[in-house]
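So this block is protein32.cif, mmCIF, C-alpha atoms and all ligand atoms:
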```
data_entry
loop_
_atom_site.group_PDB
_atom_site.id
_atom_site.type_symbol
_atom_site.label_atom_id
_atom_site.label_comp_id
_atom_site.auth_asym_id
_atom_site.auth_seq_id
_atom_site.Cartn_x
_atom_site.Cartn_y
_atom_site.Cartn_z
ATOM 1 C CA MET A 1 13.950 12.376 -49.924
ATOM 2 C CA ILE A 2 14.904 14.397 -52.992
ATOM 3 C CA ASN A 3 17.966 16.417 -53.976
ATOM 4 C CA VAL A 4 17.224 20.105 -54.488
ATOM 5 C CA PRO A 5 19.183 22.952 -56.115
ATOM 6 C CA CYS A 6 19.963 26.221 -54.326
ATOM 7 C CA ASN A 7 16.728 28.222 -54.117
ATOM 8 C CA TYR A 8 18.524 31.542 -54.714
ATOM 9 C CA CYS A 9 20.692 30.854 -57.760
ATOM 10 C CA GLY A 10 19.630 27.394 -58.987
ATOM 11 C CA SER A 11 23.113 25.857 -58.706
ATOM 12 C CA ASP A 12 23.395 22.238 -57.552
ATOM 13 C CA ASN A 13 27.077 22.618 -56.724
ATOM 14 C CA TYR A 14 27.472 22.627 -52.949
ATOM 15 C CA THR A 15 29.753 21.803 -50.027
ATOM 16 C CA VAL A 16 28.477 19.867 -46.994
ATOM 17 C CA LYS A 17 28.595 22.207 -43.987
ATOM 18 C CA HIS A 18 27.080 19.908 -41.323
ATOM 19 C CA PRO A 19 26.432 16.179 -41.942
ATOM 20 C CA SER A 20 22.981 14.807 -41.130
ATOM 21 C CA THR A 21 22.385 13.743 -37.507
ATOM 22 C CA MET A 22 19.224 11.820 -38.385
ATOM 23 C CA ASN A 23 20.944 8.417 -38.705
ATOM 24 C CA GLY A 24 18.859 7.429 -41.700
ATOM 25 C CA GLN A 25 15.531 8.024 -39.937
ATOM 26 C CA SER A 26 12.953 10.132 -41.735
ATOM 27 C CA ALA A 27 11.178 12.938 -39.879
ATOM 28 C CA ASP A 28 7.740 12.177 -38.492
ATOM 29 C CA MET A 29 5.007 14.700 -37.893
ATOM 30 C CA SER A 30 6.133 15.601 -34.369
ATOM 31 C CA ALA A 31 9.270 17.226 -35.819
ATOM 32 C CA PHE A 32 7.072 19.729 -37.676
ATOM 33 C CA ARG A 33 5.312 21.210 -34.669
ATOM 34 C CA CYS A 34 6.238 24.835 -33.960
ATOM 35 C CA THR A 35 7.687 23.790 -30.634
ATOM 36 C CA ALA A 36 9.353 20.537 -31.719
ATOM 37 C CA PRO A 37 12.062 19.802 -29.119
ATOM 38 C CA ASP A 38 14.369 17.965 -31.542
ATOM 39 C CA TYR A 39 17.416 20.174 -30.903
ATOM 40 C CA GLY A 40 20.519 18.672 -32.444
ATOM 41 C CA VAL A 41 18.547 16.622 -34.976
ATOM 42 C CA HIS A 42 18.801 17.879 -38.543
ATOM 43 C CA GLY A 43 19.293 16.718 -42.112
ATOM 44 C CA GLN A 44 22.434 17.309 -44.172
ATOM 45 C CA ILE A 45 23.120 21.049 -44.243
ATOM 46 C CA VAL A 46 24.973 22.341 -47.309
ATOM 47 C CA GLN A 47 26.304 25.646 -48.606
ATOM 48 C CA CYS A 48 25.923 26.680 -52.245
ATOM 49 C CA ASN A 49 29.320 27.054 -53.922
ATOM 50 C CA LYS A 50 28.003 29.762 -56.247
ATOM 51 C CA CYS A 51 26.045 32.167 -53.985
ATOM 52 C CA ALA A 52 26.820 30.845 -50.433
ATOM 53 C CA HIS A 53 23.154 30.237 -49.483
ATOM 54 C CA ILE A 54 22.842 27.579 -46.730
ATOM 55 C CA TYR A 55 20.076 24.973 -46.950
ATOM 56 C CA THR A 56 19.095 21.404 -46.121
ATOM 57 C CA ASN A 57 19.733 18.908 -48.922
ATOM 58 C CA PRO A 58 18.256 16.383 -49.589
ATOM 59 C CA VAL A 59 14.753 17.201 -48.282
ATOM 60 C CA GLN A 60 11.276 15.764 -48.315
ATOM 61 C CA ASP A 61 9.430 16.859 -51.448
ATOM 62 C CA GLU A 62 7.312 20.002 -51.271
ATOM 63 C CA GLU A 63 3.919 18.263 -51.406
ATOM 64 C CA GLU A 64 4.924 15.998 -48.544
ATOM 65 C CA LEU A 65 6.049 19.047 -46.544
ATOM 66 C CA ILE A 66 2.744 20.859 -47.113
ATOM 67 C CA GLU A 67 0.870 17.696 -46.070
ATOM 68 C CA LEU A 68 2.962 17.435 -42.896
ATOM 69 C CA TYR A 69 2.277 21.063 -41.940
ATOM 70 C CA ALA A 70 -1.404 20.739 -42.825
ATOM 71 C CA ALA A 71 -1.718 17.963 -40.244
ATOM 72 C CA VAL A 72 0.245 19.638 -37.436
ATOM 73 C CA ASP A 73 -1.364 20.365 -34.090
ATOM 74 C CA ASP A 74 0.562 21.849 -31.232
ATOM 75 C CA GLN A 75 -0.838 22.361 -27.750
ATOM 76 C CA ILE A 76 2.511 23.656 -26.408
ATOM 77 C CA TYR A 77 2.324 26.597 -28.814
ATOM 78 C CA VAL A 78 -1.097 27.498 -27.447
ATOM 79 C CA GLU A 79 0.307 27.403 -23.912
ATOM 80 C CA GLU A 80 3.123 29.758 -24.917
ATOM 81 C CA LYS A 81 0.655 32.398 -26.112
ATOM 82 C CA ILE A 82 1.615 34.975 -23.432
ATOM 83 C CA GLY A 83 5.223 35.144 -24.578
ATOM 84 C CA ARG A 84 4.179 35.265 -28.214
ATOM 85 C CA ARG A 85 1.703 38.103 -27.659
ATOM 86 C CA LEU A 86 4.447 40.198 -26.011
ATOM 87 C CA THR A 87 6.870 39.346 -28.817
ATOM 88 C CA PHE A 88 4.468 40.275 -31.610
ATOM 89 C CA ALA A 89 3.371 43.485 -29.830
ATOM 90 C CA LYS A 90 7.011 44.563 -29.538
ATOM 91 C CA HIS A 91 7.735 43.686 -33.174
ATOM 92 C CA LEU A 92 4.637 45.487 -34.405
ATOM 93 C CA LYS A 93 5.468 48.679 -32.473
ATOM 94 C CA ASP A 94 8.895 48.661 -34.144
ATOM 95 C CA LEU A 95 7.364 47.985 -37.568
ATOM 96 C CA GLU A 96 4.890 50.851 -37.139
ATOM 97 C CA ARG A 97 7.840 53.277 -37.029
ATOM 98 C CA ILE A 98 8.166 52.468 -40.750
ATOM 99 C CA THR A 99 4.523 51.965 -41.708
ATOM 100 C CA GLY A 100 2.754 54.380 -39.385
ATOM 101 C CA PRO A 101 -0.206 53.214 -37.250
ATOM 102 C CA GLY A 102 -2.804 50.689 -38.453
ATOM 103 C CA GLU A 103 -5.856 52.967 -38.848
ATOM 104 C CA GLY A 104 -7.879 50.228 -40.502
ATOM 105 C CA ARG A 105 -5.283 49.451 -43.175
ATOM 106 C CA LYS A 106 -4.866 45.893 -44.455
ATOM 107 C CA PHE A 107 -2.358 43.544 -42.797
ATOM 108 C CA LEU A 108 -1.637 39.904 -43.689
ATOM 109 C CA ASP A 109 0.335 37.491 -41.508
ATOM 110 C CA VAL A 110 1.719 34.558 -43.533
ATOM 111 C CA GLY A 111 1.976 31.300 -41.568
ATOM 112 C CA ALA A 112 -0.317 32.856 -38.947
ATOM 113 C CA TYR A 113 -0.727 29.590 -37.027
ATOM 114 C CA ILE A 114 -3.388 30.143 -34.301
ATOM 115 C CA GLY A 115 -3.578 33.856 -35.132
ATOM 116 C CA VAL A 116 -1.641 35.456 -32.260
ATOM 117 C CA PHE A 117 -0.033 38.103 -34.500
ATOM 118 C CA VAL A 118 -3.395 38.712 -36.241
ATOM 119 C CA GLU A 119 -5.030 39.272 -32.851
ATOM 120 C CA VAL A 120 -2.312 41.692 -31.673
ATOM 121 C CA ALA A 121 -2.456 43.628 -34.977
ATOM 122 C CA ARG A 122 -6.274 43.910 -34.808
ATOM 123 C CA GLU A 123 -6.002 45.257 -31.249
ATOM 124 C CA ARG A 124 -3.592 47.894 -32.567
ATOM 125 C CA GLY A 125 -6.033 49.077 -35.216
ATOM 126 C CA TRP A 126 -5.007 47.059 -38.277
ATOM 127 C CA ASP A 127 -7.546 45.290 -40.490
ATOM 128 C CA ALA A 128 -5.514 42.113 -40.008
ATOM 129 C CA GLN A 129 -5.997 38.606 -41.319
ATOM 130 C CA GLY A 130 -3.832 35.488 -41.573
ATOM 131 C CA ILE A 131 -3.118 32.615 -43.914
ATOM 132 C CA GLU A 132 -2.064 29.265 -42.439
ATOM 133 C CA PRO A 133 -1.502 25.771 -43.936
ATOM 134 C CA SER A 134 -2.298 23.813 -40.736
ATOM 135 C CA ALA A 135 -6.024 22.988 -40.786
ATOM 136 C CA TRP A 136 -5.999 22.521 -37.015
ATOM 137 C CA ALA A 137 -4.386 25.919 -36.334
ATOM 138 C CA ALA A 138 -6.573 27.836 -38.823
ATOM 139 C CA GLN A 139 -9.689 26.264 -37.294
ATOM 140 C CA PHE A 140 -8.432 27.095 -33.770
ATOM 141 C CA ALA A 141 -8.005 30.751 -34.816
ATOM 142 C CA GLN A 142 -11.448 30.869 -36.469
ATOM 143 C CA ASP A 143 -13.034 29.325 -33.368
ATOM 144 C CA HIS A 144 -11.582 32.262 -31.424
ATOM 145 C CA GLY A 145 -13.039 34.823 -33.822
ATOM 146 C CA LEU A 146 -9.837 35.514 -35.761
ATOM 147 C CA PRO A 147 -9.864 35.704 -39.583
ATOM 148 C CA VAL A 148 -7.215 33.113 -40.470
ATOM 149 C CA LEU A 149 -7.739 31.364 -43.828
ATOM 150 C CA GLU A 150 -6.532 27.795 -44.274
ATOM 151 C CA GLY A 151 -3.996 27.556 -47.093
ATOM 152 C CA THR A 152 -1.050 29.398 -48.616
ATOM 153 C CA LEU A 153 -0.472 32.700 -50.444
ATOM 154 C CA ASP A 154 -2.091 31.021 -53.487
ATOM 155 C CA HIS A 155 -5.493 31.190 -51.725
ATOM 156 C CA PRO A 156 -8.031 32.703 -54.196
ATOM 157 C CA ASP A 157 -9.457 35.093 -51.535
ATOM 158 C CA LEU A 158 -6.132 36.954 -51.305
ATOM 159 C CA GLU A 159 -6.228 39.594 -54.041
ATOM 160 C CA ASP A 160 -3.176 41.086 -55.736
ATOM 161 C CA GLN A 161 -2.040 44.546 -54.581
ATOM 162 C CA SER A 162 -4.477 44.512 -51.660
ATOM 163 C CA PHE A 163 -2.279 44.640 -48.524
ATOM 164 C CA ASP A 164 -0.461 47.537 -46.856
ATOM 165 C CA VAL A 165 1.669 45.229 -44.694
ATOM 166 C CA ILE A 166 2.658 41.559 -44.982
ATOM 167 C CA THR A 167 4.525 39.786 -42.170
ATOM 168 C CA ILE A 168 6.390 36.477 -42.525
ATOM 169 C CA PHE A 169 7.627 35.535 -39.047
ATOM 170 C CA ASP A 170 9.508 32.300 -38.295
ATOM 171 C CA VAL A 171 8.140 30.790 -41.506
ATOM 172 C CA ILE A 172 10.575 31.375 -44.373
ATOM 173 C CA GLU A 173 13.125 28.884 -42.983
ATOM 174 C CA HIS A 174 10.486 26.128 -43.405
ATOM 175 C CA LEU A 175 9.757 26.734 -47.087
ATOM 176 C CA ALA A 176 10.876 24.654 -50.077
ATOM 177 C CA ASP A 177 10.690 27.782 -52.274
ATOM 178 C CA PRO A 178 11.307 30.918 -50.189
ATOM 179 C CA LEU A 179 12.107 33.041 -53.265
ATOM 180 C CA GLY A 180 8.791 32.035 -54.856
ATOM 181 C CA GLU A 181 6.948 32.867 -51.619
ATOM 182 C CA LEU A 182 8.553 36.332 -51.445
ATOM 183 C CA ARG A 183 7.529 36.953 -55.074
ATOM 184 C CA LYS A 184 3.929 35.971 -54.230
ATOM 185 C CA ALA A 185 3.992 38.293 -51.194
ATOM 186 C CA HIS A 186 5.292 41.060 -53.484
ATOM 187 C CA ALA A 187 2.294 40.545 -55.777
ATOM 188 C CA LYS A 188 -0.170 40.723 -52.857
ATOM 189 C CA LEU A 189 1.283 44.002 -51.488
ATOM 190 C CA LYS A 190 0.107 47.401 -52.666
ATOM 191 C CA VAL A 191 2.792 49.513 -54.328
ATOM 192 C CA GLY A 192 4.533 51.250 -51.427
ATOM 193 C CA GLY A 193 3.454 48.470 -49.025
ATOM 194 C CA THR A 194 5.857 46.991 -46.488
ATOM 195 C CA ILE A 195 6.984 43.423 -45.851
ATOM 196 C CA ALA A 196 8.615 42.303 -42.577
ATOM 197 C CA VAL A 197 10.463 38.975 -42.534
ATOM 198 C CA HIS A 198 11.785 37.494 -39.278
ATOM 199 C CA THR A 199 14.058 34.433 -39.091
ATOM 200 C CA MET A 200 17.258 33.125 -37.487
ATOM 201 C CA ASP A 201 20.740 34.319 -38.473
ATOM 202 C CA VAL A 202 23.021 31.500 -39.606
ATOM 203 C CA ASP A 203 25.889 34.001 -39.797
ATOM 204 C CA SER A 204 25.492 35.174 -36.164
ATOM 205 C CA ARG A 205 28.228 34.804 -33.542
ATOM 206 C CA MET A 206 26.014 32.330 -31.673
ATOM 207 C CA SER A 207 25.676 30.147 -34.769
ATOM 208 C CA LYS A 208 29.412 30.219 -35.495
ATOM 209 C CA MET A 209 30.266 29.514 -31.857
ATOM 210 C CA MET A 210 27.941 26.502 -31.565
ATOM 211 C CA GLY A 211 28.685 24.966 -34.971
ATOM 212 C CA SER A 212 26.461 21.987 -35.758
ATOM 213 C CA ARG A 213 24.977 22.214 -32.210
ATOM 214 C CA TRP A 214 23.330 25.586 -32.958
ATOM 215 C CA PRO A 215 19.745 24.956 -31.730
ATOM 216 C CA TRP A 216 18.129 26.368 -34.890
ATOM 217 C CA TYR A 217 19.590 23.549 -37.006
ATOM 218 C CA MET A 218 16.421 21.438 -36.895
ATOM 219 C CA THR A 219 14.715 18.896 -39.149
ATOM 220 C CA MET A 220 11.909 21.284 -40.005
ATOM 221 C CA HIS A 221 14.226 24.172 -40.950
ATOM 222 C CA ILE A 222 15.361 23.728 -44.545
ATOM 223 C CA GLN A 223 16.659 27.237 -45.410
ATOM 224 C CA TYR A 224 19.191 29.138 -43.300
ATOM 225 C CA PHE A 225 19.531 32.882 -43.905
ATOM 226 C CA SER A 226 22.015 35.533 -42.877
ATOM 227 C CA GLN A 227 20.993 39.190 -42.843
ATOM 228 C CA ARG A 228 22.968 39.566 -46.060
ATOM 229 C CA SER A 229 21.410 36.608 -47.876
ATOM 230 C CA LEU A 230 17.835 37.490 -46.891
ATOM 231 C CA VAL A 231 18.401 41.006 -48.234
ATOM 232 C CA GLN A 232 19.550 39.410 -51.522
ATOM 233 C CA PHE A 233 16.443 37.169 -51.656
ATOM 234 C CA LEU A 234 14.155 40.163 -51.040
ATOM 235 C CA GLU A 235 15.888 42.246 -53.703
ATOM 236 C CA LYS A 236 15.658 39.390 -56.216
ATOM 237 C CA ALA A 237 11.917 39.172 -55.437
ATOM 238 C CA GLY A 238 11.581 42.858 -56.374
ATOM 239 C CA PHE A 239 11.696 44.588 -52.975
ATOM 240 C CA GLU A 240 13.689 47.606 -51.832
ATOM 241 C CA VAL A 241 15.174 46.837 -48.415
ATOM 242 C CA ILE A 242 14.615 49.517 -45.756
ATOM 243 C CA TRP A 243 16.152 48.083 -42.584
ATOM 244 C CA THR A 244 17.724 44.933 -41.181
ATOM 245 C CA GLY A 245 18.737 44.162 -37.584
ATOM 246 C CA THR A 246 18.576 41.682 -34.703
ATOM 247 C CA GLN A 247 15.280 41.420 -32.826
ATOM 248 C CA GLY A 248 14.627 39.009 -29.985
ATOM 249 C CA ARG A 249 11.498 37.563 -28.432
ATOM 250 C CA TYR A 250 9.770 37.102 -25.089
ATOM 251 C CA LEU A 251 9.529 33.673 -23.506
ATOM 252 C CA ARG A 252 7.999 32.505 -20.246
ATOM 253 C CA LEU A 253 10.607 31.143 -17.858
ATOM 254 C CA HIS A 254 8.696 27.868 -17.536
ATOM 255 C CA TYR A 255 8.830 27.391 -21.298
ATOM 256 C CA LEU A 256 12.484 28.423 -21.471
ATOM 257 C CA ALA A 257 13.471 25.890 -18.803
ATOM 258 C CA GLY A 258 11.578 23.184 -20.696
ATOM 259 C CA ARG A 259 13.438 24.020 -23.912
ATOM 260 C CA LEU A 260 16.756 24.011 -22.072
ATOM 261 C CA ASN A 261 15.887 20.472 -21.051
ATOM 262 C CA GLY A 262 15.977 19.535 -24.729
ATOM 263 C CA ILE A 263 19.512 20.891 -25.161
ATOM 264 C CA HIS A 264 21.065 19.880 -21.851
ATOM 265 C CA PRO A 265 18.825 17.730 -19.586
ATOM 266 C CA ALA A 266 20.922 18.134 -16.414
ATOM 267 C CA ILE A 267 20.939 21.945 -16.588
ATOM 268 C CA GLY A 268 17.323 21.958 -17.776
ATOM 269 C CA LYS A 269 16.115 20.004 -14.738
ATOM 270 C CA VAL A 270 17.859 22.405 -12.357
ATOM 271 C CA ALA A 271 16.429 25.384 -14.258
ATOM 272 C CA GLU A 272 12.894 23.930 -14.188
ATOM 273 C CA ALA A 273 13.110 23.217 -10.450
ATOM 274 C CA THR A 274 14.457 26.728 -9.788
ATOM 275 C CA VAL A 275 11.792 28.457 -11.867
ATOM 276 C CA GLU A 276 9.000 26.438 -10.242
ATOM 277 C CA GLY A 277 10.529 26.885 -6.772
ATOM 278 C CA LEU A 278 10.561 30.651 -7.177
ATOM 279 C CA ASN A 279 7.041 30.508 -8.615
ATOM 280 C CA MET A 280 8.251 32.477 -11.631
ATOM 281 C CA GLY A 281 7.055 30.138 -14.395
ATOM 282 C CA GLU A 282 4.601 32.676 -15.805
ATOM 283 C CA ARG A 283 7.113 35.543 -15.903
ATOM 284 C CA ALA A 284 8.066 36.442 -19.498
ATOM 285 C CA ILE A 285 11.544 37.776 -20.184
ATOM 286 C CA PRO A 286 13.098 39.230 -23.350
ATOM 287 C CA ILE A 287 15.563 36.860 -25.005
ATOM 288 C CA ASN A 288 18.070 37.970 -27.611
ATOM 289 C CA PHE A 289 21.173 35.949 -28.346
ATOM 290 C CA GLY A 290 21.715 38.038 -31.473
ATOM 291 C CA ASP A 291 20.736 35.161 -33.735
ATOM 292 C CA LEU A 292 17.197 36.294 -34.603
ATOM 293 C CA PHE A 293 16.698 39.157 -37.025
ATOM 294 C CA THR A 294 14.103 41.057 -39.030
ATOM 295 C CA VAL A 295 14.265 42.686 -42.451
ATOM 296 C CA TYR A 296 11.816 45.413 -43.529
ATOM 297 C CA ALA A 297 11.412 45.999 -47.249
ATOM 298 C CA ARG A 298 9.042 47.884 -49.523
ATOM 299 C CA ARG A 299 7.341 47.195 -52.808
ATOM 300 C CA VAL A 300 8.463 49.903 -55.238
ATOM 301 C CA ASP A 301 7.310 49.618 -58.846
HETATM 302 ZN ZN ZN B 1 23.189 29.453 -54.749
#
```
For this file, write the structure as structure tokens.
Amino acid sequence: MINVPCNYCGSDNYTVKHPSTMNGQSADMSAFRCTAPDYGVHGQIVQCNKCAHIYTNPVQDEEELIELYAAVDDQIYVEEKIGRRLTFAKHLKDLERITGPGEGRKFLDVGAYIGVFVEVARERGWDAQGIEPSAWAAQFAQDHGLPVLEGTLDHPDLEDQSFDVITIFDVIEHLADPLGELRKAHAKLKVGGTIAVHTMDVDSRMSKMMGSRWPWYMTMHIQYFSQRSLVQFLEKAGFEVIWTGTQGRYLRLHYLAGRLNGIHPAIGKVAEATVEGLNMGERAIPINFGDLFTVYARRVD
């Protein structure tokens, strides 16, 4: 574990916001799956005294993190594809109000995983591709005919100023250097191109109400943004922010009940039995507790 400065302003002067609940254990690979059920388990969460950014400190070093993600495989994520397809389709329709329709223009999903967003975007007329550090997930996508490169935004096949749209969904909270990643995304976008970043809101009512039990405080999340702080990160990376607001997601009831199990086993068991009893496991419902949000921004030079 290493001590890290604030990624936004570089200060190493911080206040502990939530002490670690890991009891000296280090995270193993299972904590880095997209669907890791380790609710309530997180490292020490601190707030920068200079700029108020909230992050995990200390953390595993960046190379170790990339190695962990490169080795991740996650069958539960594959099973939750229905909910994810609905979520991405909804998000993309909203995004197209800003960008206009795809019409063969170039779209890049960063942290594409098994390529669900890439697939949805291609169906809606975008020339979409993905970039993904997990070798397993990138291979899974390729095996299903989806152009998902293995690697990061540093991949040599991704040319500067070549994309009309870049999406970074549920990824930025995992990164050791989110500001650096946003700057790289800025370089890959055409002038006038749009970036959409989706993450969880540490300043939401839900987060404040639940304190250290907020379910998004997890081992694998090492940066915690508010709508305000993500706007600041994007502006520092050179973007002009267009819109910010809460946006939820679709989840299958079966999956939801399983996740509830991780937070509160007694309630979760009842929920699972109810959902199965009513034969509603495959039904997907929109979920929005107001603690997930998206920011749209544009490259203006
Ligand atoms: Zn700071």
- Mind listing the residues within 6 Å of ligand ZN 1 (chain B), all atoms listed in the file counted, as a count of residues only? 10
- Taking the file as shown, what set of residues would the PyMOL selection byres (((chain A and resi 131-146) around 6) and not hetatm) give back, as a VMD selection string? chain A and resid 69 to 73 110 to 115 130 147 to 152
Include C-alpha atoms and write out the residues we just selected as an mmCIF file, in the frame of the given file.
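Contents of result32.cif, as written:
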```cif
data_model
loop_
_atom_site.group_PDB
_atom_site.id
_atom_site.type_symbol
_atom_site.label_atom_id
_atom_site.label_comp_id
_atom_site.auth_asym_id
_atom_site.auth_seq_id
_atom_site.Cartn_x
_atom_site.Cartn_y
_atom_site.Cartn_z
ATOM 1 C CA TYR A 69 2.277 21.063 -41.940
ATOM 2 C CA ALA A 70 -1.404 20.739 -42.825
ATOM 3 C CA ALA A 71 -1.718 17.963 -40.244
ATOM 4 C CA VAL A 72 0.245 19.638 -37.436
ATOM 5 C CA ASP A 73 -1.364 20.365 -34.090
ATOM 6 C CA VAL A 110 1.719 34.558 -43.533
ATOM 7 C CA GLY A 111 1.976 31.300 -41.568
ATOM 8 C CA ALA A 112 -0.317 32.856 -38.947
ATOM 9 C CA TYR A 113 -0.727 29.590 -37.027
ATOM 10 C CA ILE A 114 -3.388 30.143 -34.301
ATOM 11 C CA GLY A 115 -3.578 33.856 -35.132
ATOM 12 C CA GLY A 130 -3.832 35.488 -41.573
ATOM 13 C CA PRO A 147 -9.864 35.704 -39.583
ATOM 14 C CA VAL A 148 -7.215 33.113 -40.470
ATOM 15 C CA LEU A 149 -7.739 31.364 -43.828
ATOM 16 C CA GLU A 150 -6.532 27.795 -44.274
ATOM 17 C CA GLY A 151 -3.996 27.556 -47.093
ATOM 18 C CA THR A 152 -1.050 29.398 -48.616
#
```
For this file, the PyMOL selection byres (((chain A and resi 158-175) around 9) and not hetatm) selects which residues, as a PDB file with C-alpha atoms, keeping the file's coordinate frame?
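Once written, selection-v3.pdb looks like this:
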```
ATOM      1  CA  TYR A  55      20.076  24.973 -46.950  1.00  0.00           C
ATOM      2  CA  GLU A  62       7.312  20.002 -51.271  1.00  0.00           C
ATOM      3  CA  LEU A  65       6.049  19.047 -46.544  1.00  0.00           C
ATOM      4  CA  THR A  99       4.523  51.965 -41.708  1.00  0.00           C
ATOM      5  CA  ARG A 105      -5.283  49.451 -43.175  1.00  0.00           C
ATOM      6  CA  LYS A 106      -4.866  45.893 -44.455  1.00  0.00           C
ATOM      7  CA  PHE A 107      -2.358  43.544 -42.797  1.00  0.00           C
ATOM      8  CA  LEU A 108      -1.637  39.904 -43.689  1.00  0.00           C
ATOM      9  CA  ASP A 109       0.335  37.491 -41.508  1.00  0.00           C
ATOM     10  CA  VAL A 110       1.719  34.558 -43.533  1.00  0.00           C
ATOM     11  CA  GLY A 111       1.976  31.300 -41.568  1.00  0.00           C
ATOM     12  CA  ALA A 112      -0.317  32.856 -38.947  1.00  0.00           C
ATOM     13  CA  LEU A 153      -0.472  32.700 -50.444  1.00  0.00           C
ATOM     14  CA  ASP A 154      -2.091  31.021 -53.487  1.00  0.00           C
ATOM     15  CA  HIS A 155      -5.493  31.190 -51.725  1.00  0.00           C
ATOM     16  CA  PRO A 156      -8.031  32.703 -54.196  1.00  0.00           C
ATOM     17  CA  ASP A 157      -9.457  35.093 -51.535  1.00  0.00           C
ATOM     18  CA  ALA A 176      10.876  24.654 -50.077  1.00  0.00           C
ATOM     19  CA  ASP A 177      10.690  27.782 -52.274  1.00  0.00           C
ATOM     20  CA  PRO A 178      11.307  30.918 -50.189  1.00  0.00           C
ATOM     21  CA  GLU A 181       6.948  32.867 -51.619  1.00  0.00           C
ATOM     22  CA  LEU A 182       8.553  36.332 -51.445  1.00  0.00           C
ATOM     23  CA  LYS A 184       3.929  35.971 -54.230  1.00  0.00           C
ATOM     24  CA  ALA A 185       3.992  38.293 -51.194  1.00  0.00           C
ATOM     25  CA  HIS A 186       5.292  41.060 -53.484  1.00  0.00           C
ATOM     26  CA  ALA A 187       2.294  40.545 -55.777  1.00  0.00           C
ATOM     27  CA  LYS A 188      -0.170  40.723 -52.857  1.00  0.00           C
ATOM     28  CA  LEU A 189       1.283  44.002 -51.488  1.00  0.00           C
ATOM     29  CA  LYS A 190       0.107  47.401 -52.666  1.00  0.00           C
ATOM     30  CA  VAL A 191       2.792  49.513 -54.328  1.00  0.00           C
ATOM     31  CA  GLY A 192       4.533  51.250 -51.427  1.00  0.00           C
ATOM     32  CA  GLY A 193       3.454  48.470 -49.025  1.00  0.00           C
ATOM     33  CA  THR A 194       5.857  46.991 -46.488  1.00  0.00           C
ATOM     34  CA  ILE A 195       6.984  43.423 -45.851  1.00  0.00           C
ATOM     35  CA  ALA A 196       8.615  42.303 -42.577  1.00  0.00           C
ATOM     36  CA  VAL A 197      10.463  38.975 -42.534  1.00  0.00           C
ATOM     37  CA  HIS A 198      11.785  37.494 -39.278  1.00  0.00           C
ATOM     38  CA  THR A 199      14.058  34.433 -39.091  1.00  0.00           C
ATOM     39  CA  MET A 200      17.258  33.125 -37.487  1.00  0.00           C
ATOM     40  CA  MET A 220      11.909  21.284 -40.005  1.00  0.00           C
ATOM     41  CA  HIS A 221      14.226  24.172 -40.950  1.00  0.00           C
ATOM     42  CA  ILE A 222      15.361  23.728 -44.545  1.00  0.00           C
ATOM     43  CA  GLN A 223      16.659  27.237 -45.410  1.00  0.00           C
ATOM     44  CA  TYR A 224      19.191  29.138 -43.300  1.00  0.00           C
ATOM     45  CA  PHE A 225      19.531  32.882 -43.905  1.00  0.00           C
ATOM     46  CA  THR A 294      14.103  41.057 -39.030  1.00  0.00           C
TER      47      THR A 294
END
```
- Query: What separation in Å, quoted to one decimal, exists between atom CA of A:Phe293 and atom CA of A:Gln227?
  - Reply: 7.2 Å
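For the pair atom CA of A:Arg213 and atom CA of A:Arg85, the interatomic distance is 28.5 Å.
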Which residues match the PyMOL selection byres (((chain A and resi 243) around 10) and not hetatm) in the file above, as a short mmCIF file (atom, residue, chain, number, x, y, z; two decimals) with C-alpha atoms, in the coordinates of the input?
```cif
data_model
loop_
_atom_site.label_atom_id
_atom_site.label_comp_id
_atom_site.auth_asym_id
_atom_site.auth_seq_id
_atom_site.Cartn_x
_atom_site.Cartn_y
_atom_site.Cartn_z
CA ILE A 98 8.17 52.47 -40.75
CA ALA A 196 8.62 42.30 -42.58
CA VAL A 231 18.40 41.01 -48.23
CA GLU A 240 13.69 47.61 -51.83
CA VAL A 241 15.17 46.84 -48.42
CA ILE A 242 14.62 49.52 -45.76
CA THR A 244 17.72 44.93 -41.18
CA GLY A 245 18.74 44.16 -37.58
CA THR A 294 14.10 41.06 -39.03
CA VAL A 295 14.26 42.69 -42.45
CA TYR A 296 11.82 45.41 -43.53
CA ALA A 297 11.41 46.00 -47.25
CA ARG A 298 9.04 47.88 -49.52
#
```
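The residue that comes closest to A:Ser204, out of A:Pro5, A:Gly40, A:Gly83, A:Gly290 and on the basis of all atoms listed in the file, is A:Gly290.
In this structure, atom CA of A:Phe239 sits 27.1 Å away from atom CA of A:Ser207.
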